[in-house]
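Coordinates from structure_24.csv are shown below (CSV, N, CA and C atoms).
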```
chain,number,residue,atom,x,y,z
A,843,MET,N,43.4,7.4,62.2
A,843,MET,CA,44.2,8.6,62.4
A,843,MET,C,44.4,9.2,61.1
A,844,GLY,N,43.4,9.8,60.5
A,844,GLY,CA,43.5,10.4,59.2
A,844,GLY,C,44.1,11.8,59.3
A,845,VAL,N,44.0,12.5,58.3
A,845,VAL,CA,44.5,13.9,58.2
A,845,VAL,C,43.6,14.8,59.0
A,846,TYR,N,44.2,15.7,59.7
A,846,TYR,CA,43.4,16.7,60.5
A,846,TYR,C,43.6,18.0,59.8
A,847,ASP,N,42.5,18.6,59.2
A,847,ASP,CA,42.7,19.8,58.5
A,847,ASP,C,42.6,21.0,59.5
A,848,THR,N,43.5,21.9,59.3
A,848,THR,CA,43.5,23.2,60.0
A,848,THR,C,43.4,24.3,59.1
A,849,GLU,N,43.4,25.5,59.5
A,849,GLU,CA,43.4,26.7,58.7
A,849,GLU,C,44.7,26.9,58.0
A,850,PHE,N,45.7,26.2,58.5
A,850,PHE,CA,47.1,26.3,58.0
A,850,PHE,C,47.5,25.2,57.1
A,851,GLY,N,46.5,24.3,56.8
A,851,GLY,CA,46.8,23.1,56.0
A,851,GLY,C,46.5,21.9,56.7
A,852,SER,N,46.9,20.8,56.2
A,852,SER,CA,46.6,19.5,56.8
A,852,SER,C,47.8,19.0,57.6
A,853,ILE,N,47.5,18.4,58.7
A,853,ILE,CA,48.5,17.8,59.6
A,853,ILE,C,48.3,16.3,59.6
A,854,TRP,N,49.3,15.5,59.3
A,854,TRP,CA,49.2,14.0,59.3
A,854,TRP,C,50.2,13.5,60.3
A,855,HIS,N,49.9,12.4,61.0
A,855,HIS,CA,50.8,11.9,62.0
A,855,HIS,C,52.2,11.6,61.4
A,856,ASP,N,52.3,11.3,60.1
A,856,ASP,CA,53.6,11.1,59.5
A,856,ASP,C,54.4,12.3,59.2
A,857,ASP,N,53.8,13.5,59.5
A,857,ASP,CA,54.5,14.8,59.3
A,857,ASP,C,55.5,14.9,60.5
A,858,PHE,N,55.3,14.2,61.5
A,858,PHE,CA,56.2,14.3,62.7
A,858,PHE,C,57.2,13.1,62.7
A,859,PRO,N,58.5,13.4,63.1
A,859,PRO,CA,59.4,12.3,63.2
A,859,PRO,C,59.0,11.4,64.4
A,860,ASP,N,59.4,10.1,64.3
A,860,ASP,CA,59.2,9.2,65.4
A,860,ASP,C,59.8,9.8,66.7
A,861,GLY,N,59.1,9.7,67.8
A,861,GLY,CA,59.6,10.2,69.0
A,861,GLY,C,58.6,11.0,69.7
A,862,SER,N,59.0,11.9,70.6
A,862,SER,CA,58.1,12.7,71.5
A,862,SER,C,57.2,13.6,70.7
A,863,LEU,N,57.6,14.2,69.6
A,863,LEU,CA,56.7,15.1,68.9
A,863,LEU,C,55.5,14.3,68.3
A,864,LYS,N,55.8,13.2,67.7
A,864,LYS,CA,54.7,12.3,67.2
A,864,LYS,C,53.8,11.8,68.3
A,865,ASP,N,54.4,11.4,69.4
A,865,ASP,CA,53.7,10.9,70.5
A,865,ASP,C,52.7,12.0,71.1
A,866,ASP,N,53.3,13.2,71.2
A,866,ASP,CA,52.5,14.3,71.7
A,866,ASP,C,51.3,14.6,70.7
A,867,TYR,N,51.6,14.6,69.4
A,867,TYR,CA,50.5,14.8,68.4
A,867,TYR,C,49.4,13.8,68.5
A,868,LEU,N,49.8,12.5,68.6
A,868,LEU,CA,48.9,11.4,68.7
A,868,LEU,C,48.0,11.5,70.0
A,869,THR,N,48.6,12.0,71.1
A,869,THR,CA,47.9,12.1,72.3
A,869,THR,C,46.8,13.2,72.2
A,870,ILE,N,47.2,14.3,71.5
A,870,ILE,CA,46.2,15.4,71.3
A,870,ILE,C,45.1,14.9,70.4
A,871,ILE,N,45.4,14.3,69.3
A,871,ILE,CA,44.4,13.8,68.4
A,871,ILE,C,43.5,12.8,69.1
A,872,GLY,N,44.1,11.9,69.9
A,872,GLY,CA,43.3,11.0,70.7
A,872,GLY,C,42.3,11.7,71.7
A,873,SER,N,42.7,12.9,72.1
A,873,SER,CA,41.8,13.6,73.0
A,873,SER,C,40.6,14.3,72.2
A,874,ILE,N,40.8,14.6,71.0
A,874,ILE,CA,39.8,15.4,70.3
A,874,ILE,C,39.1,14.6,69.2
A,875,ILE,N,39.6,13.4,68.8
A,875,ILE,CA,39.0,12.6,67.8
A,875,ILE,C,38.7,11.2,68.5
A,876,LYS,N,37.4,10.9,68.6
A,876,LYS,CA,37.0,9.7,69.3
A,876,LYS,C,36.5,8.7,68.2
A,877,SER,N,36.5,7.4,68.5
A,877,SER,CA,36.0,6.4,67.6
A,877,SER,C,34.5,6.5,67.4
A,878,ASP,N,33.8,6.9,68.4
A,878,ASP,CA,32.4,7.0,68.3
A,878,ASP,C,31.9,8.4,67.8
A,879,GLU,N,32.8,9.3,67.7
A,879,GLU,CA,32.5,10.7,67.2
A,879,GLU,C,33.8,11.2,66.5
A,880,ARG,N,33.9,11.2,65.2
A,880,ARG,CA,35.1,11.6,64.5
A,880,ARG,C,35.2,13.1,64.4
A,881,LYS,N,34.2,13.9,64.6
A,881,LYS,CA,34.3,15.3,64.5
A,881,LYS,C,34.9,15.9,65.7
A,882,ALA,N,36.0,16.6,65.5
A,882,ALA,CA,36.7,17.2,66.6
A,882,ALA,C,35.9,18.2,67.3
A,883,ALA,N,35.2,19.0,66.5
A,883,ALA,CA,34.4,20.1,67.1
A,883,ALA,C,33.4,19.6,68.1
A,884,VAL,N,32.8,18.5,67.8
A,884,VAL,CA,31.8,17.9,68.7
A,884,VAL,C,32.4,17.5,70.0
A,885,ASN,N,33.6,16.8,69.9
A,885,ASN,CA,34.3,16.4,71.1
A,885,ASN,C,34.8,17.5,71.9
A,886,ILE,N,35.3,18.5,71.3
A,886,ILE,CA,35.8,19.7,72.0
A,886,ILE,C,34.7,20.4,72.8
A,887,THR,N,33.6,20.5,72.1
A,887,THR,CA,32.4,21.1,72.8
A,887,THR,C,32.0,20.4,74.0
A,888,ALA,N,32.1,19.1,74.0
A,888,ALA,CA,31.7,18.2,75.1
A,888,ALA,C,32.7,18.2,76.2
A,889,MET,N,33.9,18.7,76.1
A,889,MET,CA,34.9,18.7,77.1
A,889,MET,C,34.6,19.6,78.3
A,890,SER,N,35.0,19.2,79.4
A,890,SER,CA,35.0,20.1,80.6
A,890,SER,C,36.0,21.1,80.4
A,891,ASP,N,35.9,22.2,81.2
A,891,ASP,CA,36.9,23.3,81.1
A,891,ASP,C,38.3,22.7,81.4
A,892,GLU,N,38.4,21.8,82.4
A,892,GLU,CA,39.7,21.2,82.7
A,892,GLU,C,40.3,20.4,81.6
A,893,GLN,N,39.4,19.6,81.0
A,893,GLN,CA,39.9,18.8,79.8
A,893,GLN,C,40.4,19.7,78.7
A,894,ALA,N,39.6,20.8,78.4
A,894,ALA,CA,40.0,21.7,77.4
A,894,ALA,C,41.3,22.4,77.7
A,895,ARG,N,41.5,22.8,79.0
A,895,ARG,CA,42.8,23.4,79.4
A,895,ARG,C,43.9,22.5,79.2
A,896,THR,N,43.7,21.2,79.5
A,896,THR,CA,44.8,20.2,79.3
A,896,THR,C,45.2,20.1,77.8
A,897,VAL,N,44.2,20.0,77.0
A,897,VAL,CA,44.4,19.9,75.5
A,897,VAL,C,45.1,21.2,75.0
A,898,ILE,N,44.7,22.3,75.4
A,898,ILE,CA,45.3,23.6,75.0
A,898,ILE,C,46.8,23.6,75.4
A,899,GLN,N,47.0,23.2,76.7
A,899,GLN,CA,48.4,23.1,77.1
A,899,GLN,C,49.3,22.1,76.3
A,900,GLN,N,48.7,21.0,75.9
A,900,GLN,CA,49.4,20.0,75.1
A,900,GLN,C,49.6,20.6,73.7
A,901,ILE,N,48.7,21.3,73.1
A,901,ILE,CA,48.9,21.9,71.8
A,901,ILE,C,50.0,23.0,71.9
A,902,CYS,N,50.0,23.8,72.9
A,902,CYS,CA,51.0,24.8,73.1
A,902,CYS,C,52.4,24.2,73.2
A,903,SER,N,52.5,23.1,74.0
A,903,SER,CA,53.7,22.4,74.2
A,903,SER,C,54.2,21.8,72.9
A,904,LEU,N,53.3,21.2,72.1
A,904,LEU,CA,53.7,20.6,70.9
A,904,LEU,C,54.2,21.7,69.9
A,905,SER,N,53.5,22.8,69.9
A,905,SER,CA,53.9,23.9,69.0
A,905,SER,C,55.3,24.4,69.4
A,906,GLU,N,55.6,24.6,70.7
A,906,GLU,CA,56.9,25.0,71.1
A,906,GLU,C,58.0,23.9,70.7
A,907,GLY,N,57.6,22.7,70.9
A,907,GLY,CA,58.6,21.6,70.5
A,907,GLY,C,58.9,21.6,69.0
A,908,VAL,N,57.9,21.8,68.2
A,908,VAL,CA,58.1,21.8,66.8
A,908,VAL,C,58.9,23.1,66.4
A,909,ALA,N,58.6,24.2,67.0
A,909,ALA,CA,59.4,25.4,66.7
A,909,ALA,C,60.9,25.2,67.1
A,910,TYR,N,61.1,24.6,68.3
A,910,TYR,CA,62.4,24.4,68.7
A,910,TYR,C,63.2,23.5,67.8
A,911,THR,N,62.5,22.4,67.4
A,911,THR,CA,63.1,21.4,66.5
A,911,THR,C,63.4,22.0,65.1
A,912,LEU,N,62.5,22.8,64.6
A,912,LEU,CA,62.8,23.4,63.3
A,912,LEU,C,63.9,24.5,63.4
A,913,GLY,N,63.9,25.2,64.5
A,913,GLY,CA,65.0,26.1,64.7
A,913,GLY,C,66.4,25.5,64.8
A,914,ARG,N,66.4,24.3,65.5
A,914,ARG,CA,67.7,23.6,65.5
A,914,ARG,C,68.1,23.1,64.2
A,915,GLN,N,67.1,22.6,63.4
A,915,GLN,CA,67.5,22.1,62.0
A,915,GLN,C,68.0,23.2,61.1
A,916,SER,N,67.4,24.4,61.2
A,916,SER,CA,67.8,25.5,60.4
A,916,SER,C,69.1,26.1,60.7
A,917,ASN,N,69.5,25.9,62.0
A,917,ASN,CA,70.8,26.4,62.4
A,917,ASN,C,71.9,25.4,62.2
A,918,SER,N,71.6,24.2,61.8
A,918,SER,CA,72.6,23.1,61.6
A,918,SER,C,73.3,23.3,60.3
```

Could you rewrite the structure in this file as structure tokens?
Amino acid sequence: MGVYDTEFGSIWHDDFPDGSLKDDYLTIIGSIIKSDERKAAVNITAMSDEQARTVIQQICSLSEGVAYTLGRQSNS
């Protein structure tokens, strides 16, 4: 579970606090990074439409969870 580079920087599993956000991140990474093929783009291309929709929904949910958590922290 190495660093996953995005256009916005690198995301590492330790960037998330223990709990549901980290669990959700690890679930997404497990869906797009496989032990036999480490390149996310290859695995995403091989997904069915339904699998891709599920991963997209998971990413959106994680994004909302992170935004909510950061908003709560900034208002504290």

- Item | d(atom N of Gln893 in chain A, atom N of Pro859 in chain A) in Å | 26.9 Å

- Message: Please identify the strand (DSSP E) residues within chain A (assignment by DSSP from backbone atoms) and present them as a PyMOL selection string.
- Response: chain A and resi 846-848+851-853

- Task: Find the residues near range 867-878 of chain A: any atom within 7 Å, counting all atoms listed in the file, skip ones fewer than 2 places away on the same chain, and give them as a PyMOL selection string.
- Result: chain A and resi 855+862-865+880-883+885-886+897+900-901+904

- Message: I'd like to know which residues of range 854-914 of chain A are helix (DSSP H, G or I) (by DSSP, run on the backbone); could you write them as a VMD selection string?
- Response: chain A and resid 855 to 857 862 to 874 882 to 888 891 to 914

- Atomic distance CA of Arg895 in chain A - CA of Gly907 in chain A, expressed in Å with one decimal: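 These atoms are spaced 18.2 Å apart.
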
- Item | One-decimal distance in Å that lies between CA of Thr896 in chain A and CA of Val884 in chain A |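 One can read the CA of Val884 in chain A to CA of Thr896 in chain A distance as 16.9 Å.
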